[in-house]
>>> print(open('upload-v8.txt').read())   # compact mmCIF, C-alpha atoms and all ligand atoms
# COMPACT_ATOMS: atom_id res chain seq x y z
CA MET A 158 92.97 218.15 116.64
CA PRO A 159 89.86 218.84 114.54
CA ASP A 160 86.58 217.25 115.61
CA ALA A 161 86.48 214.93 112.61
CA ALA A 162 89.80 213.47 113.61
CA LYS A 163 88.78 213.12 117.24
CA GLU A 164 85.80 211.02 116.25
CA LYS A 165 87.75 208.77 113.96
CA PHE A 166 90.69 208.30 116.28
CA SER A 167 88.77 207.29 119.38
CA PRO A 168 90.57 204.04 120.19
CA ALA A 169 87.70 201.60 120.21
CA ASP A 170 90.18 198.72 120.50
CA THR A 171 91.71 199.86 123.79
CA GLY A 172 88.34 200.62 125.30
CA LYS A 173 89.89 203.74 126.81
CA LYS A 174 89.15 207.28 125.75
CA LEU A 175 92.19 209.07 124.48
CA ASP A 176 93.19 212.38 125.81
CA HIS A 177 93.15 214.02 122.38
CA SER A 178 94.68 217.26 123.48
CA MET A 179 97.64 215.35 124.91
CA TYR A 180 98.21 213.45 121.64
CA ALA A 181 97.76 216.59 119.60
CA SER A 182 100.31 218.43 121.72
CA ILE A 183 102.79 215.55 121.41
CA MET A 184 102.40 215.70 117.65
CA GLU A 185 102.83 219.47 117.75
CA THR A 186 106.14 219.23 119.60
CA LEU A 187 107.58 216.51 117.38
CA ASP A 188 110.36 217.63 115.11
CA LEU A 189 108.67 215.82 112.22
CA GLY A 190 105.94 217.02 109.95
CA ILE A 191 102.74 214.99 110.28
CA VAL A 192 99.64 215.24 108.12
CA ILE A 193 96.59 213.00 108.32
CA LEU A 194 94.21 212.62 105.40
CA ASN A 195 90.73 211.14 105.52
CA LEU A 196 90.20 209.13 102.33
CA GLU A 197 86.44 208.80 102.85
CA THR A 198 85.74 212.50 103.13
CA SER A 199 88.70 213.60 100.97
CA ARG A 200 89.82 216.04 103.64
CA LEU A 201 93.02 216.87 105.39
CA ILE A 202 92.06 216.36 109.00
CA PHE A 203 95.32 217.10 110.78
CA LYS A 204 98.61 218.85 110.23
CA ASN A 205 101.12 219.69 112.92
CA ARG A 206 103.26 222.81 113.21
CA VAL A 207 106.29 221.35 111.38
CA ALA A 208 104.13 220.16 108.46
CA ALA A 209 102.59 223.61 108.16
CA GLU A 210 106.07 225.18 108.15
CA ILE A 211 107.35 222.76 105.52
CA PHE A 212 104.49 223.93 103.27
CA HIS A 213 105.09 227.58 104.19
CA ASN A 214 101.75 227.75 106.06
CA ASN A 215 100.15 227.95 102.64
CA GLN A 216 96.56 226.78 103.11
CA SER A 217 96.00 225.89 99.46
CA LEU A 218 99.13 223.69 99.52
CA LEU A 219 97.92 222.07 102.70
CA GLU A 220 94.75 220.87 101.11
CA TYR A 221 93.77 217.19 100.60
CA HIS A 222 93.99 217.02 96.80
CA ASN A 223 97.19 218.97 96.71
CA ILE A 224 98.91 216.74 99.29
CA MET A 225 97.69 213.65 97.45
CA SER A 226 99.00 214.82 94.08
CA LEU A 227 102.26 216.05 95.56
CA LEU A 228 103.15 213.17 97.89
CA LEU A 229 101.08 210.21 96.70
CA THR A 230 101.29 210.43 92.92
CA ASP A 231 101.00 206.65 92.55
CA TYR A 232 98.06 206.18 94.90
CA ALA A 233 95.50 205.57 92.14
CA SER A 234 97.71 203.33 90.00
CA LYS A 235 99.56 201.10 92.48
CA PRO A 236 98.49 198.64 95.19
CA ALA A 237 98.70 199.94 98.75
CA SER A 238 101.45 197.44 99.64
CA GLU A 239 103.74 199.14 97.13
CA ILE A 240 103.05 202.64 98.38
CA PHE A 241 102.74 202.69 102.15
CA GLY A 242 105.58 202.30 104.63
CA LYS A 243 108.13 203.27 101.96
CA ASN A 244 110.52 206.22 102.04
CA TYR A 245 110.30 208.88 99.34
CA THR A 246 112.03 212.12 98.56
CA LEU A 247 110.66 215.22 96.87
CA HIS A 248 112.32 218.46 95.76
CA PHE A 249 109.97 221.15 96.94
CA LYS A 250 110.76 224.85 96.56
CA ASN A 251 114.54 224.51 96.89
CA ARG A 252 114.23 222.05 99.76
CA LEU A 253 114.58 218.30 99.81
CA LEU A 254 111.77 216.52 101.66
CA GLY A 255 111.90 212.94 102.86
CA TYR A 256 108.53 211.39 103.68
CA THR A 257 106.84 208.10 104.53
CA PRO A 258 103.10 207.52 104.13
CA TYR A 259 101.20 204.97 106.25
CA ILE A 260 97.65 203.77 105.98
CA ALA A 261 95.37 203.14 108.96
CA SER A 262 92.06 201.25 108.87
CA ASP A 263 91.79 201.79 105.09
CA SER A 264 90.37 205.27 105.63
CA PHE A 265 93.28 207.33 106.88
CA ILE A 266 96.65 208.16 105.48
CA TRP A 267 99.35 209.42 107.82
CA ILE A 268 102.35 211.03 106.25
CA ILE A 269 105.51 211.74 108.19
CA ILE A 270 107.60 214.42 106.49
CA ARG A 271 111.14 215.64 107.19
CA ASP A 272 113.13 218.43 105.65
CA ILE A 273 116.33 216.54 104.77
CA THR A 274 117.97 219.32 102.74
CA GLU A 275 120.71 219.89 105.30
CA ARG A 276 121.38 216.22 105.94
CA SER A 277 121.73 215.38 102.28
CA ARG A 278 123.96 218.42 101.75
CA LEU A 279 126.24 217.36 104.61
CA GLU A 280 126.32 213.82 103.27
CA SER A 281 127.28 214.99 99.82
CA ILE A 282 129.99 217.26 101.25
CA ALA A 283 131.38 214.39 103.32
CA GLU A 284 131.39 212.21 100.22
CA ALA A 285 133.08 214.88 98.13
CA VAL A 286 135.75 215.52 100.77
CA ASN A 287 136.41 211.82 100.90
CA SER A 288 136.81 211.44 97.17
CA MET A 289 138.82 214.66 96.92
CA ASP A 290 141.20 213.24 99.50
CA ASN A 291 141.66 210.12 97.43
CA ILE A 292 141.93 211.99 94.17
CA SER A 293 144.55 214.43 95.43
CA TYR A 294 146.49 211.53 96.89
CA VAL A 295 146.41 209.64 93.61
CA PHE A 296 147.19 212.82 91.63
CA SER A 297 150.23 213.62 93.74
CA GLY A 298 151.45 210.07 93.17
CA ILE A 299 150.92 210.29 89.42
CA ARG A 300 152.65 213.68 89.36
CA HIS A 301 155.61 212.14 91.13
CA GLU A 302 155.69 209.01 89.00
CA LEU A 303 155.41 210.85 85.68
CA GLY A 304 157.51 213.79 86.85
CA ASN A 305 160.69 211.76 87.39
CA PRO A 306 160.99 210.18 83.95
CA ILE A 307 159.81 213.35 82.21
CA ASN A 308 162.48 215.40 84.01
CA SER A 309 165.05 212.87 83.08
CA ILE A 310 163.94 212.93 79.39
CA LYS A 311 164.13 216.73 79.41
CA MET A 312 167.64 216.72 80.87
CA THR A 313 168.88 214.05 78.48
CA LEU A 314 167.49 215.89 75.45
CA SER A 315 168.84 219.27 76.52
CA VAL A 316 172.34 217.85 77.08
CA LEU A 317 172.06 216.25 73.66
CA LYS A 318 170.89 219.49 72.04
CA ARG A 319 173.73 221.50 73.56
CA ASN A 320 176.36 219.02 72.41
CA LEU A 321 174.85 217.78 69.19
CA ALA A 322 177.68 219.17 67.05
CA GLU A 323 180.45 217.57 69.12
CA TYR A 324 178.91 214.18 69.99
CA SER A 325 179.79 211.12 67.97
CA PRO A 326 176.89 209.11 66.47
CA ASP A 327 177.46 206.49 69.22
CA ALA A 328 177.17 209.07 71.96
CA VAL A 329 174.01 210.52 70.36
CA GLU A 330 172.52 207.03 70.21
CA LYS A 331 173.30 206.51 73.90
CA TYR A 332 171.38 209.67 74.84
CA VAL A 333 168.46 208.80 72.59
CA ASP A 334 168.33 205.31 74.14
CA ARG A 335 168.30 206.83 77.60
CA ALA A 336 165.34 209.04 76.64
CA MET A 337 163.57 206.05 75.05
CA THR A 338 163.99 204.02 78.25
CA GLU A 339 162.35 206.79 80.26
CA ILE A 340 159.53 207.00 77.71
CA SER A 341 158.95 203.25 78.13
CA ARG A 342 158.70 203.88 81.85
CA VAL A 343 155.95 206.47 81.26
CA GLU A 344 154.21 204.05 78.93
CA PHE A 345 154.46 201.31 81.54
CA LEU A 346 152.91 203.54 84.14
CA LEU A 347 150.06 204.51 81.83
CA GLN A 348 149.51 200.82 81.12
CA ALA A 349 149.39 200.06 84.84
CA LEU A 350 146.82 202.83 85.34
CA LYS A 351 144.78 201.45 82.47
CA SER A 352 144.64 198.02 84.06
CA PHE A 353 143.28 199.70 87.17
CA SER A 354 140.04 200.67 85.44
CA ILE A 355 139.87 198.11 82.67
CA PHE A 356 138.10 195.45 84.71
CA GLU A 357 135.29 197.60 86.05
CA ASN A 358 132.68 194.97 85.25
CA PRO A 359 133.88 191.56 86.32
CA GLU A 360 132.30 188.58 84.63
CA LEU A 361 132.10 186.01 87.38
CA GLN A 362 132.01 182.37 86.42
CA SER A 363 132.62 179.02 87.95
CA ILE A 364 136.26 178.02 87.43
CA ASP A 365 137.91 174.69 88.19
CA ALA A 366 140.51 175.68 90.79
CA ASP A 367 143.02 172.95 90.03
CA GLU A 368 142.82 173.50 86.28
CA PHE A 369 143.22 177.24 86.65
CA ILE A 370 146.24 177.04 88.97
CA THR A 371 147.93 174.34 86.88
CA ARG A 372 147.51 176.43 83.73
CA PHE A 373 148.71 179.56 85.49
CA ILE A 374 151.83 177.78 86.75
CA SER A 375 152.59 176.46 83.26
CA LEU A 376 152.55 180.07 81.98
CA VAL A 377 154.96 181.46 84.58
CA GLU A 378 157.26 178.58 85.48
CA ASN A 379 159.64 179.11 82.57
CA ASP A 380 160.45 182.65 83.65
CA LEU A 381 160.72 181.57 87.28
CA ARG A 382 162.99 178.67 86.45
CA GLN A 383 165.31 181.01 84.58
CA SER A 384 165.67 183.01 87.81
CA GLY A 385 166.35 179.75 89.69
CA ILE A 386 162.99 179.85 91.50
CA SER A 387 161.09 176.61 92.03
CA ILE A 388 157.31 176.65 92.17
CA GLY A 389 155.06 174.27 94.06
CA LYS A 390 151.31 173.64 94.08
CA ALA A 391 149.10 172.25 96.84
CA ILE A 392 145.33 172.12 96.47
CA ASP A 393 143.22 170.79 99.33
CA PRO A 394 140.99 167.92 98.17
CA GLY A 395 137.89 169.86 99.32
CA VAL A 396 138.45 172.65 96.83
CA THR A 397 136.79 172.33 93.43
CA THR A 398 135.47 175.52 91.93
CA ILE A 399 136.04 179.20 92.46
CA ILE A 400 133.58 181.87 91.41
CA ALA A 401 135.72 184.50 89.74
CA ASP A 402 136.51 186.40 86.57
CA PRO A 403 139.44 184.42 85.09
CA ARG A 404 141.08 187.57 83.64
CA LEU A 405 141.04 189.28 87.01
CA LEU A 406 142.17 186.18 88.82
CA HIS A 407 145.05 185.80 86.38
CA GLN A 408 146.09 189.44 86.87
CA VAL A 409 145.94 189.12 90.67
CA MET A 410 148.06 185.97 90.63
CA LEU A 411 150.52 187.56 88.23
CA ASN A 412 150.98 190.63 90.45
CA LEU A 413 151.54 188.41 93.48
CA ILE A 414 153.97 186.09 91.69
CA THR A 415 155.92 189.08 90.34
CA ASN A 416 156.26 190.45 93.87
CA ALA A 417 157.29 187.06 95.21
CA SER A 418 159.89 186.61 92.51
CA ASP A 419 161.28 190.14 93.14
CA ALA A 420 161.51 189.29 96.85
CA LEU A 421 163.53 186.14 96.06
CA LYS A 422 166.43 187.88 94.29
CA ASP A 423 168.93 187.29 97.14
CA THR A 424 167.43 184.11 98.60
CA GLN A 425 169.16 180.74 98.77
CA GLN A 426 166.87 178.04 97.35
CA PRO A 427 164.16 180.47 96.32
CA LYS A 428 160.72 178.93 96.29
CA ILE A 429 157.14 180.00 95.61
CA ASN A 430 154.16 177.94 96.70
CA ILE A 431 150.64 178.32 95.41
CA ARG A 432 148.04 176.73 97.64
CA ALA A 433 144.25 176.55 97.73
CA ALA A 434 142.15 175.62 100.75
CA GLN A 435 138.44 175.66 101.51
CA HIS A 436 137.16 177.94 104.30
CA ASN A 437 133.39 177.47 104.56
CA SER A 438 131.98 179.06 101.41
CA LEU A 439 135.27 180.74 100.52
CA VAL A 440 138.37 179.44 98.84
CA ALA A 441 141.65 180.73 100.20
CA LEU A 442 144.23 181.16 97.46
CA ILE A 443 147.71 181.52 98.88
CA VAL A 444 150.92 182.70 97.26
CA GLU A 445 153.90 182.32 99.56
CA ASP A 446 157.60 182.83 99.15
CA ASN A 447 160.69 182.39 101.27
CA GLY A 448 162.05 185.77 100.19
CA CYS A 449 163.20 188.95 101.92
CA GLY A 450 159.93 189.52 103.80
CA ILE A 451 158.43 192.87 104.78
CA SER A 452 159.16 194.84 107.93
CA ARG A 453 156.29 195.57 110.32
CA GLU A 454 156.32 199.30 109.54
CA ALA A 455 156.24 198.68 105.78
CA GLN A 456 153.32 196.26 106.12
CA ALA A 457 151.00 199.18 106.93
CA SER A 458 151.68 200.79 103.53
CA LEU A 459 151.43 197.80 101.22
CA PHE A 460 148.03 198.64 99.68
CA LYS A 461 148.69 202.35 99.35
CA PRO A 462 149.06 203.55 95.76
CA PHE A 463 152.66 204.19 94.72
CA TYR A 464 154.18 202.60 97.79
CA THR A 465 157.22 200.77 96.47
CA THR A 466 160.69 199.79 97.62
CA LYS A 467 161.80 198.95 94.10
CA PRO A 468 163.74 201.34 91.87
CA ARG A 469 161.53 200.45 88.89
CA GLY A 470 158.31 199.62 90.72
CA THR A 471 155.10 201.61 90.31
CA GLY A 472 153.73 200.63 93.71
CA LEU A 473 150.36 199.86 92.13
CA GLY A 474 150.59 196.06 91.94
CA LEU A 475 149.06 195.21 95.32
CA MET A 476 146.53 198.00 95.17
CA ILE A 477 145.28 196.74 91.79
CA ALA A 478 145.25 193.14 93.05
CA LEU A 479 143.20 194.16 96.09
CA LYS A 480 140.77 196.12 93.95
CA MET A 481 140.29 193.11 91.66
CA VAL A 482 139.80 190.69 94.55
CA THR A 483 137.24 193.07 96.04
CA LEU A 484 135.41 193.16 92.70
CA MET A 485 135.13 189.39 93.00
CA GLN A 486 133.62 189.74 96.49
CA GLY A 487 136.84 188.66 98.15
CA ASN A 488 139.38 190.05 100.55
CA MET A 489 143.12 189.83 100.93
CA GLU A 490 145.62 189.60 103.78
CA ILE A 491 149.39 189.61 103.91
CA LYS A 492 151.52 187.97 106.58
CA SER A 493 155.24 188.48 106.41
CA VAL A 494 158.32 188.02 108.52
CA LYS A 495 161.42 190.01 107.65
CA ASN A 496 164.13 187.77 106.15
CA LYS A 497 161.84 184.71 106.32
CA GLY A 498 159.18 185.20 103.69
CA THR A 499 155.73 186.43 102.80
CA ARG A 500 152.34 184.80 102.54
CA VAL A 501 149.57 186.56 100.62
CA THR A 502 146.14 184.99 101.09
CA PHE A 503 143.07 186.06 99.25
CA PHE A 504 139.63 184.63 99.80
CA ILE A 505 137.04 184.39 97.07
CA PRO A 506 133.71 182.57 96.92
CA GLY A 507 133.97 178.98 95.81
CA GLY A 508 132.29 175.62 95.85
CA ARG A 509 133.15 172.32 97.38
CA LYS A 510 133.37 168.81 95.99
CA LYS A 511 130.12 167.00 96.77
CA ASN A 512 131.99 164.10 98.38
CA ALA A 513 134.51 166.31 100.23
CA GLN A 514 135.05 165.52 103.89
CA SER A 515 136.21 168.92 105.17
N1 LIG B 601 156.14 188.99 98.40
C1 LIG B 601 156.73 190.11 98.82
N2 LIG B 601 157.87 190.05 99.54
C2 LIG B 601 158.48 191.16 99.98
N3 LIG B 601 157.99 192.43 99.78
C3 LIG B 601 156.86 192.55 99.09
C4 LIG B 601 156.16 191.41 98.57
N4 LIG B 601 155.07 191.85 97.95
C5 LIG B 601 155.08 193.20 98.04
N5 LIG B 601 156.16 193.62 98.72
C6 LIG B 601 156.51 195.01 99.05
O1 LIG B 601 155.39 195.83 98.81
C7 LIG B 601 155.71 196.87 97.89
C8 LIG B 601 154.50 197.20 97.06
O2 LIG B 601 154.18 196.14 96.20
P1 LIG B 601 153.37 196.44 94.87
O3 LIG B 601 153.20 195.19 94.14
O4 LIG B 601 152.16 197.21 95.21
O5 LIG B 601 154.32 197.44 94.09
P2 LIG B 601 155.73 197.11 93.43
O6 LIG B 601 155.92 195.64 93.30
O7 LIG B 601 156.76 197.86 94.18
O8 LIG B 601 155.56 197.79 92.02
P3 LIG B 601 154.61 197.24 90.81
O9 LIG B 601 153.59 198.33 90.65
O10 LIG B 601 155.51 197.12 89.67
O11 LIG B 601 153.98 195.98 91.25
C9 LIG B 601 156.90 196.36 97.13
O12 LIG B 601 157.69 197.40 96.63
C10 LIG B 601 157.63 195.55 98.19
O13 LIG B 601 158.41 196.39 99.02
MG MG B 602 154.40 194.49 92.47
>>> encode(input="upload-v8.txt", output="structure tokens", more="lines below")
Ligand SMILES: Nc1ncnc2c1ncn2[C@@H]1O[C@H](COP(=O)(O)OP(=O)(O)OP(=O)(O)O)[C@@H](O)[C@H]1O
Ligand SMILES: [Mg+2]
Amino acid sequence: MPDAAKEKFSPADTGKKLDHSMYASIMETLDLGIVILNLETSRLIFKNRVAAEIFHNNQSLLEYHNIMSLLLTDYASKPASEIFGKNYTLHFKNRLLGYTPYIASDSFIWIIIRDITERSRLESIAEAVNSMDNISYVFSGIRHELGNPINSIKMTLSVLKRNLAEYSPDAVEKYVDRAMTEISRVEFLLQALKSFSIFENPELQSIDADEFITRFISLVENDLRQSGISIGKAIDPGVTTIIADPRLLHQVMLNLITNASDALKDTQQPKINIRAAQHNSLVALIVEDNGCGISREAQASLFKPFYTTKPRGTGLGLMIALKMVTLMQGNMEIKSVKNKGTRVTFFIPGGRKKNAQS
């Protein structure tokens, strides 16, 4: 350690003389770059081996004014509290440096510097691998989902083309209808994918839980009644408001009700219940049915894209619902017993009635 630093760093407060060579050698062996600047004399008074290496042992780079203008660009314009003790990064000669400056006794600046090029590269690779995994998974699903109807359209049209001269107008119409049905299926899938990204920015607002559920039920009960399904509502007295985006909430409920109604196709006395209950600062919204239920093995796949047991399902309904609930800072769980029924519960932030007991 240079003499100037030795003088300044004698620890008057401990009353004990430091063994400077010991401290200097500790700093030398650290795997971090350390530089110490003296603000009063405008000099760099210490740099360890790693710091020198980071700056390529270039003496002019390792000079007070250069370090200040490189690492402490805001020193003159910002208060110390906004500068010191904070983490910064700097691209320096093809490397990425991470550094933290500290101030001691108003006269010294310590800067700890790390070369984080490798770490950030590894992090970005890990991130990319992760998203590539998801993307290829989603792509293979889309390929499969679009591939089936498109194959079927191709086959239908080529049969039609080959036999156009012989087929009666009725038969031609039948083939065209078949192709149109498959095209609607593609359209439906594209629509489902659109709804996956459409609500990227939820607009959260305070919604009256009872009002929302009552209105929702009034919109779906006609369809349900036509399928012979009865629908019930039970809202705990403690529940008043939910903090949600009403469009998202509506879509989530719709996806869950559609699943419940599909599950009730072969059920005697089919019934769906919508309930709301307060759990601390969260409201649990519950959609339950007494339908076919879900086997234990299948339960593990419910939120995977394109997982479906339905001939015309896209397998995106639950995944979209989960994504929307997550956007509203909520979570979702599904409990189901095969041949008994299914209960989907999702929790979202919500308020309580001021006079509520629970
Ligand atoms: N209430 C339920 N009762 C029984 N099974 C269910 C229920 N909800 C979901 N499932 C099962 O989970 C699967 C996935 O549901 P999801 O809503 O994601 O897709 P889907 O309903 O098959 O197709 P869609 O994309 O049209 O919604 C369903 O195919 C079904 O097997
Ligand atoms: Mg569904």
>>> residues_near_ligand(input="upload-v8.txt", ligand="ligand MG 602 (chain B)", cutoff="8 Å", atoms="only C-alpha atoms and all ligand atoms", output="ChimeraX atom specification")
/A:412-413,415-416,465,470-475
>>> write_last_selection(input="upload-v8.txt", atoms="C-alpha atoms", output="PDB file, keeping the file's coordinate frame")
ATOM      1  CA  ASN A 412     150.980 190.630  90.450  1.00  0.00           C
ATOM      2  CA  LEU A 413     151.540 188.410  93.480  1.00  0.00           C
ATOM      3  CA  THR A 415     155.920 189.080  90.340  1.00  0.00           C
ATOM      4  CA  ASN A 416     156.260 190.450  93.870  1.00  0.00           C
ATOM      5  CA  THR A 465     157.220 200.770  96.470  1.00  0.00           C
ATOM      6  CA  GLY A 470     158.310 199.620  90.720  1.00  0.00           C
ATOM      7  CA  THR A 471     155.100 201.610  90.310  1.00  0.00           C
ATOM      8  CA  GLY A 472     153.730 200.630  93.710  1.00  0.00           C
ATOM      9  CA  LEU A 473     150.360 199.860  92.130  1.00  0.00           C
ATOM     10  CA  GLY A 474     150.590 196.060  91.940  1.00  0.00           C
ATOM     11  CA  LEU A 475     149.060 195.210  95.320  1.00  0.00           C
TER      12      LEU A 475
END
>>> residues_near_ligand(input="upload-v8.txt", ligand="ligand LIG 601 (chain B)", cutoff="8 Å", atoms="only C-alpha atoms and all ligand atoms", output="PyMOL selection string")
chain A and resi 349+412-421+445-446+448-451+455-456+458-467+469-477+493+498-501
>>> closest_atom_pairs(input="upload-v8.txt", of="segment 190-242 of chain A", to="segment 177-183 of chain A", cutoff="12 Å", atoms="all atoms listed in the file", output="tab-separated table")
residue	atom	partner	partner_atom	distance
A:Gly190	CA	A:Ile183	CA	12.0
A:Ile191	CA	A:Ala181	CA	10.7
A:Val192	CA	A:Ala181	CA	11.7
A:Ile193	CA	A:Ala181	CA	11.9
A:Phe203	CA	A:Ala181	CA	9.2
A:Lys204	CA	A:Ala181	CA	9.7
A:Asn205	CA	A:Ala181	CA	8.1
A:Arg206	CA	A:Ser182	CA	10.0
>>> closest_residue(input="upload-v8.txt", among="A:Arg382, A:Arg404, A:Lys480, A:Lys492", to="Asn447 of chain A", atoms="all atoms listed in the file")
A:Lys492
>>> residues_around(input="upload-v8.txt", residues="Ala433 of chain A", least_positions_apart="6", cutoff="6 Å", atoms="all atoms listed in the file", output="list in words")
Ile392, Ala441 and Leu442 of chain A
>>> write_last_selection(input="upload-v8.txt", atoms="C-alpha atoms", output="short mmCIF file (atom, residue, chain, number, x, y, z; two decimals), keeping the file's coordinate frame")
data_model
loop_
_atom_site.label_atom_id
_atom_site.label_comp_id
_atom_site.auth_asym_id
_atom_site.auth_seq_id
_atom_site.Cartn_x
_atom_site.Cartn_y
_atom_site.Cartn_z
CA ILE A 392 145.33 172.12 96.47
CA ALA A 441 141.65 180.73 100.20
CA LEU A 442 144.23 181.16 97.46
#
>>> residues_around(input="upload-v8.txt", residues="Ile370 of chain A", least_positions_apart="2", cutoff="12 Å", atoms="only C-alpha atoms", output="PyMOL selection string")
chain A and resi 364-368+372-378+388-392+396-399+403+406-407+410-411+430-433+442-444
>>> residues_around(input="upload-v8.txt", residues="Glu339 of chain A", least_positions_apart="3", cutoff="7 Å", atoms="all atoms listed in the file", output="VMD selection string")
chain A and resid 306 310 335 to 336 342 to 343
>>> closest_residue(input="upload-v8.txt", among="A:Lys243, A:Gln426, A:Ile340, A:Phe296", to="Asn308 of chain A", atoms="all atoms listed in the file")
A:Ile340
>>> residues_around(input="upload-v8.txt", residues="Pro506 of chain A", least_positions_apart="5", cutoff="6 Å", atoms="all atoms listed in the file", output="NGL selection string")
:A and (400 or 438-440)
>>> closest_residue(input="upload-v8.txt", among="A:Ala401, A:Leu201, A:Leu303, A:Ala457", to="Ile491 of chain A", atoms="only C-alpha atoms")
A:Ala457
>>> atom_distance(input="upload-v8.txt", atom1="atom CA of His436 of chain A", atom2="atom CA of Ile505 of chain A")
9.7 Å
>>> residues_around(input="upload-v8.txt", residues="segment 228-238 of chain A", least_positions_apart="4", cutoff="12 Å", atoms="all atoms listed in the file", output="ChimeraX atom specification")
/A:192,194,196,218-224,242-249,254-261,263,266-270
>>> write_last_selection(input="upload-v8.txt", atoms="C-alpha atoms", output="compact mmCIF listing (two decimals), in the frame of the given file")
# COMPACT_ATOMS: atom_id res chain seq x y z
CA VAL A 192 99.64 215.24 108.12
CA LEU A 194 94.21 212.62 105.40
CA LEU A 196 90.20 209.13 102.33
CA LEU A 218 99.13 223.69 99.52
CA LEU A 219 97.92 222.07 102.70
CA GLU A 220 94.75 220.87 101.11
CA TYR A 221 93.77 217.19 100.60
CA HIS A 222 93.99 217.02 96.80
CA ASN A 223 97.19 218.97 96.71
CA ILE A 224 98.91 216.74 99.29
CA GLY A 242 105.58 202.30 104.63
CA LYS A 243 108.13 203.27 101.96
CA ASN A 244 110.52 206.22 102.04
CA TYR A 245 110.30 208.88 99.34
CA THR A 246 112.03 212.12 98.56
CA LEU A 247 110.66 215.22 96.87
CA HIS A 248 112.32 218.46 95.76
CA PHE A 249 109.97 221.15 96.94
CA LEU A 254 111.77 216.52 101.66
CA GLY A 255 111.90 212.94 102.86
CA TYR A 256 108.53 211.39 103.68
CA THR A 257 106.84 208.10 104.53
CA PRO A 258 103.10 207.52 104.13
CA TYR A 259 101.20 204.97 106.25
CA ILE A 260 97.65 203.77 105.98
CA ALA A 261 95.37 203.14 108.96
CA ASP A 263 91.79 201.79 105.09
CA ILE A 266 96.65 208.16 105.48
CA TRP A 267 99.35 209.42 107.82
CA ILE A 268 102.35 211.03 106.25
CA ILE A 269 105.51 211.74 108.19
CA ILE A 270 107.60 214.42 106.49
>>> atom_distance(input="upload-v8.txt", atom1="atom CA of Ser452 of chain A", atom2="atom CA of Leu346 of chain A")
26.1 Å
>>> atom_distance(input="upload-v8.txt", atom1="atom CA of Ile211 of chain A", atom2="atom CA of Ser262 of chain A")
26.6 Å
>>> closest_residue(input="upload-v8.txt", among="A:Asn195, A:Thr371, A:Asn496, A:Ser387", to="Ser264 of chain A", atoms="all atoms listed in the file")
A:Asn195
